[in-house]
There are 2 protein chains.
Amino acid sequence: MNYERSNIKKMTGYTPGEQPDSAAIIKLNTNENPFPASPAVAAALATIRVDSLRRYPPPTALPLRTALAACHRVHADNIIVTNGGDELLRLAISTFVETSDAIAIANPSYSLYEVLAQAHGCGMIKLELRDDWSLPTDFGQQLNASGATMCLLVNPHAPSGQLTDSDELRQLAADFKGVLVIDEAYVDFVDPEQGHDCLPLIREFDNVLILRTFSKGYSLAGLRMAYGLAAGSLIAPMQHKTKDSYNTDFIAQTLARAAIESRAYAAETWAYVRRERTIMADSLQKMGFHSHPSQSNFLLVGVPSLFTAESLYEALKQRGILIRYFNQPRLRDKLRISLGTQTENARLIDALRDITGAGQGLRI
Amino acid sequence: MNYERSNIKKMTGYTPGEQPDSAAIIKLNTNENPFPASPAVAAALATIRVDSLRRYPPPTALPLRTALAACHRVHADNIIVTNGGDELLRLAISTFVETSDAIAIANPSYSLYEVLAQAHGCGMIKLELRDDWSLPTDFGQQLNASGATMCLLVNPHAPSGQLTDSDELRQLAADFKGVLVIDEAYVDFVDPEQGHDCLPLIREFDNVLILRTFSKGYSLAGLRMAYGLAAGSLIAPMQHKTKDSYNTDFIAQTLARAAIESRAYAAETWAYVRRERTIMADSLQKMGFHSHPSQSNFLLVGVPSLFTAESLYEALKQRGILIRYFNQPRLRDKLRISLGTQTENARLIDALRDITGAGQGLRI
């Protein structure tokens, strides 16, 4: 017998990016940081004894929240620590969205958002981004007219890398009657010259929830750690009512704290990725692949009309290089390429040059 | 403004047992194993390099599931690995219980169950256990009559330690029309002479989900690792639709695997706890405290009528010994005491003797 709820029965679930076992694969498909976490994180890991795991961890990760609060100059009550960004997104939905209501997204976007809505059993409203991946100027009005009670917005946008500036988001927070979740999974890679900073919004508005993660910027995707920043009134119900009692473990709390306290080290990797972003975009451009200006650690790359994105994705995969291909409207003629090390990026360029044969047609 | 869903607004959340920072506290309140995890787990921890954390972990923890499958002689598709038992309980509810339906429990029970029902927004039906903490003989019929579509049953029972045998559960699984979740958080401490084994039920029935955890038996409460065992049809929707994409981290998967592969070591701690269980029950009995026969790593202890359970709890706390007091019907004249090391247990007995003054009245 099938015991699934009706909404679960209907859905198919999220397909994570490929996670091959082989270290020989050049993996530019799920936006990991190309460098390991800081030596301070390694040192923290070396201090963990199994005896520390015998007891339950701090249920709300207070020592880590205190370190994060100092880093962001907010109060620990403005922070919830979660088992990866996925958990925070799920908590936000399950805490603030009635199943009879709907979530809105700017389409296309991170495909997990729709899966989370399906699993919750609420509606999903997709409002289209403009051709240049920017938000429609009347996005706040569109949101309110749609009746959505939550909006999930990834910024910098995935998969384009487009950055919406904080003034535009401030206006959106003021206009929108629901909860505005700003998923800043990639914010660490924004060029500092942009002066981008959405944190003041959590003081100005009680409906803004900012997501940050240790997965990309801090090279800890394997650790599953993220956090939310918001007004205390928005954090409290997730912290004390809906999150699992002990949602993050002792080791992850300890390592994440070391990561945030050695942030300067991680920042060097962000600068490296930004430099590679420029080099890679230039190299691709010379081969006829135009990439959208990105403020993230990936590039969304248009494929010259001679080729199909899918065939290039497959040809690269055959050469041991994984990138991301999305078979969906507006994206199926493009490829998303995570920025790796200089060597990895050069290997990708070489492989693409080899496959495309300087414009001589596809050679697989 | 309050953005909470109506069911979240109404609820108050779960109160975890106290988790004091001080190592000086004798902590017999949240049922941890008194000994650290095995040397094999410590060795596995020592092999982890931060570079392994740069990439996402295996999304469904397949290497660990394979090890668990070998241990339990089931297929990996019969297993879902979760971020602690809490996650599995929440997943079971959110996957199989419509918000218009209800969960049933045998009352009293683990207080988190009700909190999870509130957070999900479904109903909660409490069917009373008999005076000796056993299930009513017509429990299956009561469940069906109640209309509940899921039953959460902790076995051995908490907080009494009462064991329901597998034949009785087999009958229940056959009778009950909904999903029967058997929470075996404490099953490792059952006396092997009982020959207790519910695992065959997952082959016989497609509505039985068994919860196991590394928190107690394997001394890894700080790691947040548990797993569910069930028919593939019950596991699949949680595995592929409703769990967070990467719900357990690389370190936890690695350490849990080492723990299961060095199970013999953990089994020695279980035998130790069983010996202490007998000694502690005898010592308490001599002081007029009757404990219910327990198959778990705690004792539910009746307090002689001269004293109140709450005042004894407070007096022990003042002496640096934490145990659990439940201010609720049927339990407020009792104390739940986790079994610690010989030394810790002896300290508890000494303190109780001191406080109760050999029947001379309460001395705080």
# chains A, B, ... in the order shown; residues from 1 in each chain; ligands from 1
$ closest_atom_pairs --of "chain A" --to "chain B" --cutoff "7 Å" --atoms "only C-alpha atoms" --output "JSON lines"
{"residue": "A:Tyr3", "atom": "CA", "partner": "B:Phe96", "partner_atom": "CA", "distance": 5.7}
{"residue": "A:Glu4", "atom": "CA", "partner": "B:Phe96", "partner_atom": "CA", "distance": 4.6}
{"residue": "A:Arg5", "atom": "CA", "partner": "B:Phe96", "partner_atom": "CA", "distance": 5.1}
{"residue": "A:Ile8", "atom": "CA", "partner": "B:Thr95", "partner_atom": "CA", "distance": 6.5}
{"residue": "A:Thr12", "atom": "CA", "partner": "B:Lys241", "partner_atom": "CA", "distance": 6.4}
{"residue": "A:Gly13", "atom": "CA", "partner": "B:Lys241", "partner_atom": "CA", "distance": 4.1}
{"residue": "A:Tyr14", "atom": "CA", "partner": "B:Lys241", "partner_atom": "CA", "distance": 6.7}
{"residue": "A:Pro16", "atom": "CA", "partner": "B:Ser245", "partner_atom": "CA", "distance": 6.8}
{"residue": "A:Glu32", "atom": "CA", "partner": "B:Arg55", "partner_atom": "CA", "distance": 6.1}
{"residue": "A:Asn33", "atom": "CA", "partner": "B:Arg54", "partner_atom": "CA", "distance": 6.7}
{"residue": "A:Pro36", "atom": "CA", "partner": "B:Asp51", "partner_atom": "CA", "distance": 4.8}
{"residue": "A:Ala37", "atom": "CA", "partner": "B:Val50", "partner_atom": "CA", "distance": 6.2}
{"residue": "A:Ala42", "atom": "CA", "partner": "B:Val50", "partner_atom": "CA", "distance": 5.7}
{"residue": "A:Val50", "atom": "CA", "partner": "B:Ala42", "partner_atom": "CA", "distance": 5.7}
{"residue": "A:Asp51", "atom": "CA", "partner": "B:Pro36", "partner_atom": "CA", "distance": 4.8}
{"residue": "A:Leu53", "atom": "CA", "partner": "B:Gly222", "partner_atom": "CA", "distance": 4.1}
{"residue": "A:Arg54", "atom": "CA", "partner": "B:Ser219", "partner_atom": "CA", "distance": 4.6}
{"residue": "A:Arg55", "atom": "CA", "partner": "B:Ala221", "partner_atom": "CA", "distance": 5.3}
{"residue": "A:Tyr56", "atom": "CA", "partner": "B:Gly222", "partner_atom": "CA", "distance": 4.4}
{"residue": "A:Pro57", "atom": "CA", "partner": "B:Gly222", "partner_atom": "CA", "distance": 4.8}
{"residue": "A:Asp86", "atom": "CA", "partner": "B:Asp244", "partner_atom": "CA", "distance": 6.0}
{"residue": "A:Glu87", "atom": "CA", "partner": "B:Asp244", "partner_atom": "CA", "distance": 6.5}
{"residue": "A:Thr95", "atom": "CA", "partner": "B:Glu4", "partner_atom": "CA", "distance": 5.8}
{"residue": "A:Phe96", "atom": "CA", "partner": "B:Glu4", "partner_atom": "CA", "distance": 4.6}
{"residue": "A:Val97", "atom": "CA", "partner": "B:Arg5", "partner_atom": "CA", "distance": 6.1}
{"residue": "A:Glu98", "atom": "CA", "partner": "B:Arg5", "partner_atom": "CA", "distance": 5.7}
{"residue": "A:Ala119", "atom": "CA", "partner": "B:Thr242", "partner_atom": "CA", "distance": 6.0}
{"residue": "A:Ser219", "atom": "CA", "partner": "B:Arg54", "partner_atom": "CA", "distance": 4.6}
{"residue": "A:Leu220", "atom": "CA", "partner": "B:Arg54", "partner_atom": "CA", "distance": 4.9}
{"residue": "A:Ala221", "atom": "CA", "partner": "B:Tyr56", "partner_atom": "CA", "distance": 4.8}
{"residue": "A:Gly222", "atom": "CA", "partner": "B:Leu53", "partner_atom": "CA", "distance": 4.1}
{"residue": "A:Leu223", "atom": "CA", "partner": "B:Asp249", "partner_atom": "CA", "distance": 5.0}
{"residue": "A:Arg224", "atom": "CA", "partner": "B:Asp249", "partner_atom": "CA", "distance": 5.7}
{"residue": "A:His240", "atom": "CA", "partner": "B:Gly13", "partner_atom": "CA", "distance": 5.7}
{"residue": "A:Lys241", "atom": "CA", "partner": "B:Gly13", "partner_atom": "CA", "distance": 4.2}
{"residue": "A:Thr242", "atom": "CA", "partner": "B:Ala119", "partner_atom": "CA", "distance": 6.0}
{"residue": "A:Asp244", "atom": "CA", "partner": "B:Asp86", "partner_atom": "CA", "distance": 6.0}
{"residue": "A:Ser245", "atom": "CA", "partner": "B:Pro16", "partner_atom": "CA", "distance": 6.8}
{"residue": "A:Asp249", "atom": "CA", "partner": "B:Leu223", "partner_atom": "CA", "distance": 5.0}
{"residue": "A:Phe250", "atom": "CA", "partner": "B:Gly222", "partner_atom": "CA", "distance": 5.3}
$ residues_around --residues "region 125-137 of chain B" --least-positions-apart "5" --cutoff "9 Å" --atoms "only C-alpha atoms" --output "ChimeraX atom specification"
/B:102-108,142-143,146,148,157,160-164,168,292
$ calpha_fit_and_write --fixed "chain B" --moving "chain A" --output "short mmCIF file (atom, residue, chain, number, x, y, z; two decimals) with C-alpha atoms, in the first residue's frame"
data_model
loop_
_atom_site.label_atom_id
_atom_site.label_comp_id
_atom_site.auth_asym_id
_atom_site.auth_seq_id
_atom_site.Cartn_x
_atom_site.Cartn_y
_atom_site.Cartn_z
CA MET A 1 4.05 41.54 12.32
CA ASN A 2 3.76 37.85 13.16
CA TYR A 3 4.26 35.77 10.01
CA GLU A 4 3.91 32.35 11.68
CA ARG A 5 1.44 29.79 10.38
CA SER A 6 -1.59 29.44 12.63
CA ASN A 7 -0.52 26.05 14.01
CA ILE A 8 3.00 27.32 14.75
CA LYS A 9 1.66 30.43 16.47
CA LYS A 10 -0.30 28.25 18.88
CA MET A 11 2.52 25.88 19.87
CA THR A 12 5.31 26.36 22.39
CA GLY A 13 8.02 24.01 21.14
CA TYR A 14 10.08 21.21 22.67
CA THR A 15 12.22 21.76 25.75
CA PRO A 16 15.39 19.70 25.45
CA GLY A 17 16.89 18.24 28.63
CA GLU A 18 19.43 20.49 30.32
CA GLN A 19 22.86 20.36 28.64
CA PRO A 20 25.22 22.00 31.13
CA ASP A 21 28.65 23.09 29.97
CA SER A 22 30.40 21.99 33.12
CA ALA A 23 32.09 18.59 33.06
CA ALA A 24 31.82 18.59 36.87
CA ILE A 25 28.08 17.95 36.64
CA ILE A 26 26.98 14.33 36.94
CA LYS A 27 24.61 14.18 34.03
CA LEU A 28 22.00 11.45 34.34
CA ASN A 29 19.17 13.34 32.63
CA THR A 30 19.27 12.68 28.87
CA ASN A 31 20.18 9.00 28.57
CA GLU A 32 23.60 9.32 27.02
CA ASN A 33 25.98 6.35 27.06
CA PRO A 34 28.43 6.73 29.96
CA PHE A 35 31.41 5.71 27.81
CA PRO A 36 32.91 7.32 24.71
CA ALA A 37 32.58 5.75 21.27
CA SER A 38 34.93 2.95 20.21
CA PRO A 39 38.62 3.40 19.38
CA ALA A 40 37.66 2.61 15.78
CA VAL A 41 35.49 5.74 15.74
CA ALA A 42 38.35 7.77 17.17
CA ALA A 43 40.63 6.33 14.48
CA ALA A 44 38.10 7.22 11.76
CA LEU A 45 37.90 10.76 13.10
CA ALA A 46 41.68 11.07 12.96
CA THR A 47 41.65 10.21 9.23
CA ILE A 48 39.31 13.09 8.24
CA ARG A 49 41.04 15.90 6.39
CA VAL A 50 39.31 19.23 5.82
CA ASP A 51 39.82 18.77 2.10
CA SER A 52 37.24 15.95 2.29
CA LEU A 53 34.71 18.56 3.42
CA ARG A 54 35.10 20.77 0.36
CA ARG A 55 32.68 18.74 -1.72
CA TYR A 56 29.12 17.69 -0.95
CA PRO A 57 28.75 14.42 0.97
CA PRO A 58 27.08 11.30 -0.50
CA PRO A 59 23.47 12.53 -0.60
CA THR A 60 21.89 9.28 0.60
CA ALA A 61 24.90 8.11 2.65
CA LEU A 62 25.21 4.99 0.50
CA PRO A 63 28.52 3.73 1.97
CA LEU A 64 27.05 3.92 5.48
CA ARG A 65 23.75 2.40 4.38
CA THR A 66 25.67 -0.49 2.82
CA ALA A 67 27.47 -1.11 6.12
CA LEU A 68 24.18 -0.92 8.02
CA ALA A 69 22.52 -3.26 5.53
CA ALA A 70 25.29 -5.83 6.06
CA CYS A 71 24.92 -5.49 9.83
CA HIS A 72 21.15 -5.98 9.80
CA ARG A 73 21.03 -8.37 6.81
CA VAL A 74 18.69 -6.14 4.85
CA HIS A 75 19.06 -4.21 1.57
CA ALA A 76 20.42 -0.66 1.49
CA ASP A 77 17.02 0.35 0.03
CA ASN A 78 15.49 -0.62 3.37
CA ILE A 79 17.52 2.09 5.10
CA ILE A 80 17.40 5.86 5.34
CA VAL A 81 20.10 7.70 7.30
CA THR A 82 18.99 10.83 9.14
CA ASN A 83 20.39 13.76 11.10
CA GLY A 84 19.40 12.23 14.43
CA GLY A 85 16.22 10.39 15.26
CA ASP A 86 14.30 13.68 15.39
CA GLU A 87 14.73 14.07 11.66
CA LEU A 88 13.40 10.59 10.94
CA LEU A 89 10.33 11.19 13.10
CA ARG A 90 9.67 14.50 11.39
CA LEU A 91 10.15 12.96 7.94
CA ALA A 92 7.81 10.09 8.73
CA ILE A 93 5.13 12.53 9.80
CA SER A 94 5.59 15.01 6.96
CA THR A 95 5.69 12.23 4.35
CA PHE A 96 2.82 10.03 5.52
CA VAL A 97 0.41 12.11 7.60
CA GLU A 98 -1.99 14.57 5.98
CA THR A 99 -2.42 17.70 8.08
CA SER A 100 -6.12 16.84 8.25
CA ASP A 101 -5.26 13.47 9.83
CA ALA A 102 -3.88 12.53 13.23
CA ILE A 103 -1.00 10.70 14.88
CA ALA A 104 -1.60 8.43 17.85
CA ILE A 105 0.75 7.72 20.73
CA ALA A 106 0.63 5.48 23.79
CA ASN A 107 0.51 7.99 26.62
CA PRO A 108 2.70 9.07 28.38
CA SER A 109 5.56 9.03 25.92
CA TYR A 110 8.47 11.00 24.47
CA SER A 111 7.19 14.57 24.63
CA LEU A 112 8.70 15.49 21.26
CA TYR A 113 6.03 13.44 19.47
CA GLU A 114 3.33 15.93 20.35
CA VAL A 115 5.53 18.89 19.39
CA LEU A 116 6.17 17.32 15.97
CA ALA A 117 2.44 16.88 15.43
CA GLN A 118 1.82 20.51 16.37
CA ALA A 119 4.55 21.72 14.01
CA HIS A 120 3.12 19.61 11.20
CA GLY A 121 -0.37 20.89 11.94
CA CYS A 122 -2.00 17.48 12.30
CA GLY A 123 -3.97 16.02 15.18
CA MET A 124 -2.57 14.10 18.16
CA ILE A 125 -4.47 11.26 19.81
CA LYS A 126 -3.24 9.98 23.15
CA LEU A 127 -4.24 6.45 24.09
CA GLU A 128 -3.40 5.64 27.70
CA LEU A 129 -0.95 2.91 28.62
CA ARG A 130 -2.08 0.52 31.35
CA ASP A 131 -0.97 0.99 34.96
CA ASP A 132 2.06 -1.27 34.40
CA TRP A 133 3.04 0.77 31.27
CA SER A 134 2.10 -2.06 28.92
CA LEU A 135 -0.05 -1.49 25.83
CA PRO A 136 -3.79 -2.08 26.15
CA THR A 137 -4.63 -5.52 24.71
CA ASP A 138 -6.95 -3.90 22.16
CA PHE A 139 -4.45 -1.18 21.20
CA GLY A 140 -4.70 -1.97 17.46
CA GLN A 141 -8.49 -1.65 17.58
CA GLN A 142 -8.24 1.56 19.57
CA LEU A 143 -5.84 2.95 16.97
CA ASN A 144 -8.14 2.11 14.07
CA ALA A 145 -11.18 3.44 15.91
CA SER A 146 -9.32 6.70 16.59
CA GLY A 147 -8.79 7.27 12.88
CA ALA A 148 -5.06 7.89 13.35
CA THR A 149 -3.00 7.24 10.22
CA MET A 150 0.30 6.92 12.09
CA CYS A 151 1.27 5.55 15.47
CA LEU A 152 4.54 6.54 17.17
CA LEU A 153 5.62 3.95 19.72
CA VAL A 154 8.89 4.10 21.61
CA ASN A 155 10.05 0.59 22.56
CA PRO A 156 11.56 0.03 25.10
CA HIS A 157 9.12 2.59 26.35
CA ALA A 158 10.31 5.96 27.61
CA PRO A 159 10.21 6.96 30.36
CA SER A 160 9.34 3.58 31.93
CA GLY A 161 11.82 1.21 30.23
CA GLN A 162 8.97 -1.27 29.65
CA LEU A 163 9.56 -3.59 26.67
CA THR A 164 6.73 -4.65 24.37
CA ASP A 165 7.73 -7.93 22.77
CA SER A 166 7.95 -8.44 19.03
CA ASP A 167 4.98 -10.82 18.84
CA GLU A 168 2.72 -8.17 20.30
CA LEU A 169 4.10 -5.62 17.82
CA ARG A 170 3.63 -8.08 14.96
CA GLN A 171 -0.04 -8.36 15.86
CA LEU A 172 -0.27 -4.58 16.12
CA ALA A 173 1.32 -4.10 12.69
CA ALA A 174 -1.20 -6.55 11.25
CA ASP A 175 -4.16 -4.86 12.95
CA PHE A 176 -3.27 -1.21 12.42
CA LYS A 177 -4.31 0.34 9.11
CA GLY A 178 -1.76 3.17 9.30
CA VAL A 179 2.02 3.47 9.55
CA LEU A 180 3.51 2.02 12.73
CA VAL A 181 6.73 3.78 13.73
CA ILE A 182 8.68 1.78 16.32
CA ASP A 183 11.17 4.13 17.92
CA GLU A 184 13.97 1.81 19.06
CA ALA A 185 16.21 4.56 20.42
CA TYR A 186 16.96 2.40 23.46
CA VAL A 187 16.81 -1.10 21.97
CA ASP A 188 20.57 -1.66 22.30
CA PHE A 189 20.13 -1.91 26.07
CA VAL A 190 17.57 -4.73 25.97
CA ASP A 191 18.82 -7.86 27.73
CA PRO A 192 19.91 -10.32 24.98
CA GLU A 193 18.18 -13.07 26.95
CA GLN A 194 14.88 -11.48 25.90
CA GLY A 195 15.63 -12.56 22.31
CA HIS A 196 13.92 -9.32 21.25
CA ASP A 197 14.00 -8.62 17.49
CA CYS A 198 11.55 -6.46 15.54
CA LEU A 199 13.56 -6.38 12.31
CA PRO A 200 11.65 -9.26 10.69
CA LEU A 201 8.57 -7.03 10.81
CA ILE A 202 9.91 -4.80 8.05
CA ARG A 203 9.91 -7.81 5.71
CA GLU A 204 6.48 -8.98 6.81
CA PHE A 205 4.72 -5.60 6.71
CA ASP A 206 4.90 -2.54 4.48
CA ASN A 207 3.64 -0.24 7.25
CA VAL A 208 6.39 -0.70 9.85
CA LEU A 209 9.20 1.84 10.22
CA ILE A 210 11.89 1.13 12.82
CA LEU A 211 14.02 3.96 14.18
CA ARG A 212 17.57 3.31 15.39
CA THR A 213 20.06 5.87 16.62
CA PHE A 214 23.77 6.26 17.21
CA SER A 215 23.08 8.71 20.05
CA LYS A 216 22.71 6.30 22.95
CA GLY A 217 24.01 2.85 22.08
CA TYR A 218 27.00 4.18 20.15
CA SER A 219 27.85 7.17 22.37
CA LEU A 220 27.42 9.64 19.52
CA ALA A 221 24.62 11.98 20.66
CA GLY A 222 26.84 14.90 19.70
CA LEU A 223 27.10 13.64 16.11
CA ARG A 224 23.37 13.57 15.24
CA MET A 225 23.04 10.26 13.41
CA ALA A 226 20.15 7.84 13.23
CA TYR A 227 18.51 5.63 10.65
CA GLY A 228 15.21 4.14 9.67
CA LEU A 229 14.56 0.54 8.62
CA ALA A 230 11.45 -0.31 6.61
CA ALA A 231 10.10 -1.78 3.41
CA GLY A 232 11.60 -0.04 0.40
CA SER A 233 8.20 1.45 -0.44
CA LEU A 234 8.15 3.27 2.89
CA ILE A 235 11.80 4.39 2.73
CA ALA A 236 11.81 5.66 -0.87
CA PRO A 237 9.57 8.74 -0.56
CA MET A 238 11.52 9.99 2.47
CA GLN A 239 14.85 9.23 0.79
CA HIS A 240 14.07 10.79 -2.56
CA LYS A 241 11.36 13.36 -1.93
CA THR A 242 11.13 14.79 1.56
CA LYS A 243 14.50 14.65 3.28
CA ASP A 244 16.88 17.58 2.79
CA SER A 245 19.09 16.83 -0.25
CA TYR A 246 22.26 16.37 1.80
CA ASN A 247 20.84 15.67 5.25
CA THR A 248 23.89 14.08 6.88
CA ASP A 249 27.47 15.27 6.65
CA PHE A 250 30.64 13.56 5.54
CA ILE A 251 32.21 13.29 9.01
CA ALA A 252 29.06 11.92 10.61
CA GLN A 253 28.65 9.35 7.82
CA THR A 254 32.27 8.26 8.23
CA LEU A 255 32.16 8.00 12.03
CA ALA A 256 28.81 6.23 12.08
CA ARG A 257 30.18 3.64 9.69
CA ALA A 258 33.17 3.05 11.97
CA ALA A 259 30.76 2.75 14.91
CA ILE A 260 28.60 0.13 13.25
CA GLU A 261 31.65 -1.80 12.10
CA SER A 262 33.02 -1.84 15.66
CA ARG A 263 29.68 -2.76 17.18
CA ALA A 264 31.24 -5.35 19.50
CA TYR A 265 32.90 -2.53 21.42
CA ALA A 266 29.63 -0.68 21.89
CA ALA A 267 27.98 -3.94 22.95
CA GLU A 268 30.35 -4.08 25.93
CA THR A 269 29.03 -0.71 27.09
CA TRP A 270 25.47 -2.05 26.75
CA ALA A 271 26.34 -5.02 28.98
CA TYR A 272 27.89 -2.62 31.51
CA VAL A 273 24.75 -0.49 31.55
CA ARG A 274 22.59 -3.59 32.07
CA ARG A 275 24.70 -4.64 35.07
CA GLU A 276 24.47 -1.14 36.54
CA ARG A 277 20.72 -1.16 35.90
CA THR A 278 20.32 -4.14 38.24
CA ILE A 279 22.67 -2.75 40.89
CA MET A 280 21.02 0.67 40.83
CA ALA A 281 17.48 -0.75 41.02
CA ASP A 282 18.53 -2.85 44.03
CA SER A 283 20.20 0.08 45.79
CA LEU A 284 17.18 2.28 45.20
CA GLN A 285 14.80 -0.42 46.38
CA LYS A 286 16.67 -0.69 49.67
CA MET A 287 16.07 3.05 50.17
CA GLY A 288 12.36 2.69 49.46
CA PHE A 289 12.51 3.88 45.84
CA HIS A 290 10.80 1.37 43.59
CA SER A 291 11.86 1.38 39.95
CA HIS A 292 9.90 -0.15 37.10
CA PRO A 293 11.70 -3.14 35.49
CA SER A 294 13.62 -1.45 32.68
CA GLN A 295 15.04 -2.75 29.42
CA SER A 296 16.56 0.64 28.68
CA ASN A 297 19.48 2.74 29.92
CA PHE A 298 17.38 4.57 32.48
CA LEU A 299 15.11 3.78 35.39
CA LEU A 300 11.74 5.32 36.16
CA VAL A 301 11.77 5.58 39.90
CA GLY A 302 8.79 6.01 42.20
CA VAL A 303 9.45 8.36 45.08
CA PRO A 304 8.45 7.32 48.64
CA SER A 305 5.38 9.23 49.79
CA LEU A 306 7.40 11.20 52.33
CA PHE A 307 9.04 13.13 49.48
CA THR A 308 8.05 14.90 46.30
CA ALA A 309 9.84 14.01 43.10
CA GLU A 310 10.32 17.65 42.23
CA SER A 311 12.04 18.48 45.53
CA LEU A 312 14.38 15.50 45.14
CA TYR A 313 15.19 16.57 41.58
CA GLU A 314 16.01 20.07 42.86
CA ALA A 315 18.04 18.79 45.80
CA LEU A 316 20.11 16.56 43.51
CA LYS A 317 20.62 19.44 41.10
CA GLN A 318 21.98 21.54 43.96
CA ARG A 319 24.49 18.75 44.55
CA GLY A 320 25.56 18.82 40.88
CA ILE A 321 23.58 15.78 39.80
CA LEU A 322 21.08 16.18 36.96
CA ILE A 323 18.23 13.74 36.51
CA ARG A 324 14.85 14.20 34.80
CA TYR A 325 11.61 15.26 36.39
CA PHE A 326 8.42 15.38 34.31
CA ASN A 327 5.69 17.62 35.67
CA GLN A 328 2.80 15.74 34.08
CA PRO A 329 0.09 13.25 35.01
CA ARG A 330 1.31 9.76 36.03
CA LEU A 331 4.93 10.98 36.14
CA ARG A 332 5.10 13.83 38.60
CA ASP A 333 5.61 11.44 41.54
CA LYS A 334 8.52 9.78 39.74
CA LEU A 335 12.06 10.51 38.58
CA ARG A 336 13.83 9.27 35.48
CA ILE A 337 17.46 8.45 36.13
CA SER A 338 19.86 7.66 33.27
CA LEU A 339 22.43 4.97 34.07
CA GLY A 340 25.93 6.39 34.24
CA THR A 341 29.26 4.92 35.23
CA GLN A 342 29.56 2.92 38.43
CA THR A 343 31.07 5.98 40.11
CA GLU A 344 28.33 8.33 38.90
CA ASN A 345 25.59 5.93 39.93
CA ALA A 346 27.16 5.47 43.36
CA ARG A 347 27.38 9.25 43.74
CA LEU A 348 23.68 9.52 42.95
CA ILE A 349 22.79 6.84 45.52
CA ASP A 350 24.97 8.55 48.14
CA ALA A 351 23.40 11.90 47.41
CA LEU A 352 19.88 10.48 47.58
CA ARG A 353 20.73 8.76 50.88
CA ASP A 354 22.09 12.03 52.19
CA ILE A 355 19.08 14.03 51.04
CA THR A 356 16.47 11.56 52.29
CA GLY A 357 18.40 10.95 55.51
CA ALA A 358 17.48 7.28 55.92
CA GLY A 359 13.82 8.17 56.09
CA GLN A 360 14.24 11.17 58.41
CA GLY A 361 12.53 13.55 56.02
CA LEU A 362 13.87 15.84 53.34
CA ARG A 363 17.25 17.46 54.07
CA ILE A 364 18.29 19.97 51.47
#
$ select_by_dssp --residues "region 103-152 of chain B" --states "helix (DSSP H, G or I)" --output "list of chain:residue names"
B:Leu112, B:Tyr113, B:Glu114, B:Val115, B:Leu116, B:Ala117, B:Gln118, B:Ala119, B:His120, B:Phe139, B:Gly140, B:Gln141, B:Gln142, B:Leu143, B:Asn144, B:Ala145, B:Ser146
